[in-house]
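Inspection log for the structure reproduced underneath, given as structure tokens.
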Amino acid sequence: MKREMAVDGKPYRVEVDNCTVGAPFSVKVNDKPVEVTLEEELDCKKPFNIKVHGKPFRVELTKIDRQAPFSVKVNNTALKVELKSSAKKFVAIPVASTSILVPRPSKKIMEEGVVTAPMAGKIISVKVKKGDSVKAGDVLCTLEAMKMENEITAPKNGEIEEIKVKESQTVNTDDILVVIK
């Protein structure tokens with residue numbers, strides 16, 4: 001099964017032959033093999049877990065729209081997904097195909113507690129201040145990109161150590177927004 005889609009504006013060609021729950025299977029992304037493991041039976045109405053090259057990811061699908069861009073949250077980071085015309089004919093999208101389109105984390109993202117911008121845009125609100133306690137999933141700020149508001153959430157429990165942005169500030173992909181300790 002082949003799909004063409006864009007994730008945050010970047011084009012991807014995805015090919016999935018067999019998707020087996022609990023066992024690694026190969027997926028080609030832009031003709032490069034990617035090892036994926038679907039950790040549990042799939043229920044698109046609830047968050048689910050996958051592994052990509054052995055690294056765990058938590059995926060939440062909102063409503064899948066074959067006609068317009070829609071949002072997929074991966075580890076609490078919202079990604080904008082748009083299906084290309086050939087994929088719009090299909091009734092269902094293999095979730096592994098959508099979820100493996102996670103951009104490789106930059107070194108900034110990999111530092112624990114560092115929350116970065118998933119895409120370029122403008123900060124329209126900052127919901128926390130230095131010293132605030134947050135829980136995983138709490139909204140830290142709202143980023144407007146491509147006329148869509150994206151809530152940026154805390155990836156873990158902790159205390160706000162640093163806020164690197166302010167309202168009306170323009171940010172680029174991977175810019176540091178907040179640091180949680």
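So you can find residues: chains in the structure tokens are A, B, ... in the order shown, residues in each start at 1, and ligands are numbered from 1 in order.
Residues with any atom within 12 Å of A:Val134, counting only C-alpha atoms and excluding same-chain neighbours fewer than 5 positions away, are Gly113, Lys127, Val128, Lys129, Val139, Leu140, Thr153, Ala154, Pro155, Lys156, Asn157, Gly158, Glu159, Ile160, Glu161, Val178, Val179, Ile180 and Lys181 of chain A.
Here the question is which of A:Met119, A:Ile124, A:Cys141, A:Val165 gets nearest to A:Gly9 using only C-alpha atoms, and that residue is A:Met119.
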_So the first atom is atom CA of A:Ile163 and the second is atom CA of A:Val59; what is the distance between them in Å, to one decimal place?_
26.1 Å
*Find the residues around A:Glu39 up to 9 Å (only C-alpha atoms counted), leave out those fewer than 3 positions away in its own chain, and share them as a list in words.*
Val21, Gly22, Ala23, Leu42, Phe48, Asn49, Ile50 and Lys51 of chain A
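Atom CA of A:Asn150 sits 13.9 Å away from atom CA of A:Thr170.
Atom CA of A:Phe25 sits 14.1 Å away from atom CA of A:Lys55.
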*For A:Arg3, which residue among A:Glu35, A:Glu60, A:Glu40, A:Glu82 is the nearest when counting only C-alpha atoms?*
A:Glu82
*Which is closer to A:Ala120 than all the others in A:Lys135, A:Lys32, A:Lys46, A:Lys147, using only C-alpha atoms?*
A:Lys147
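Using only C-alpha atoms, the shortest contact distance between A:Asp132 and any of A:Leu83, A:Glu162, A:Glu149, A:Lys28 is found at A:Glu162.
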*asked:* With only C-alpha atoms as the counted atoms, please give the residues lying no more than 8 Å from A:Val29, apart from itself and same-chain residues fewer than 2 positions off, as a count of residues only.
replied: 10
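Considering only C-alpha atoms, the residue among A:Ile176, A:Gly121, A:Asn76, A:His53 positioned nearest to A:Asp138 is A:Asn76.
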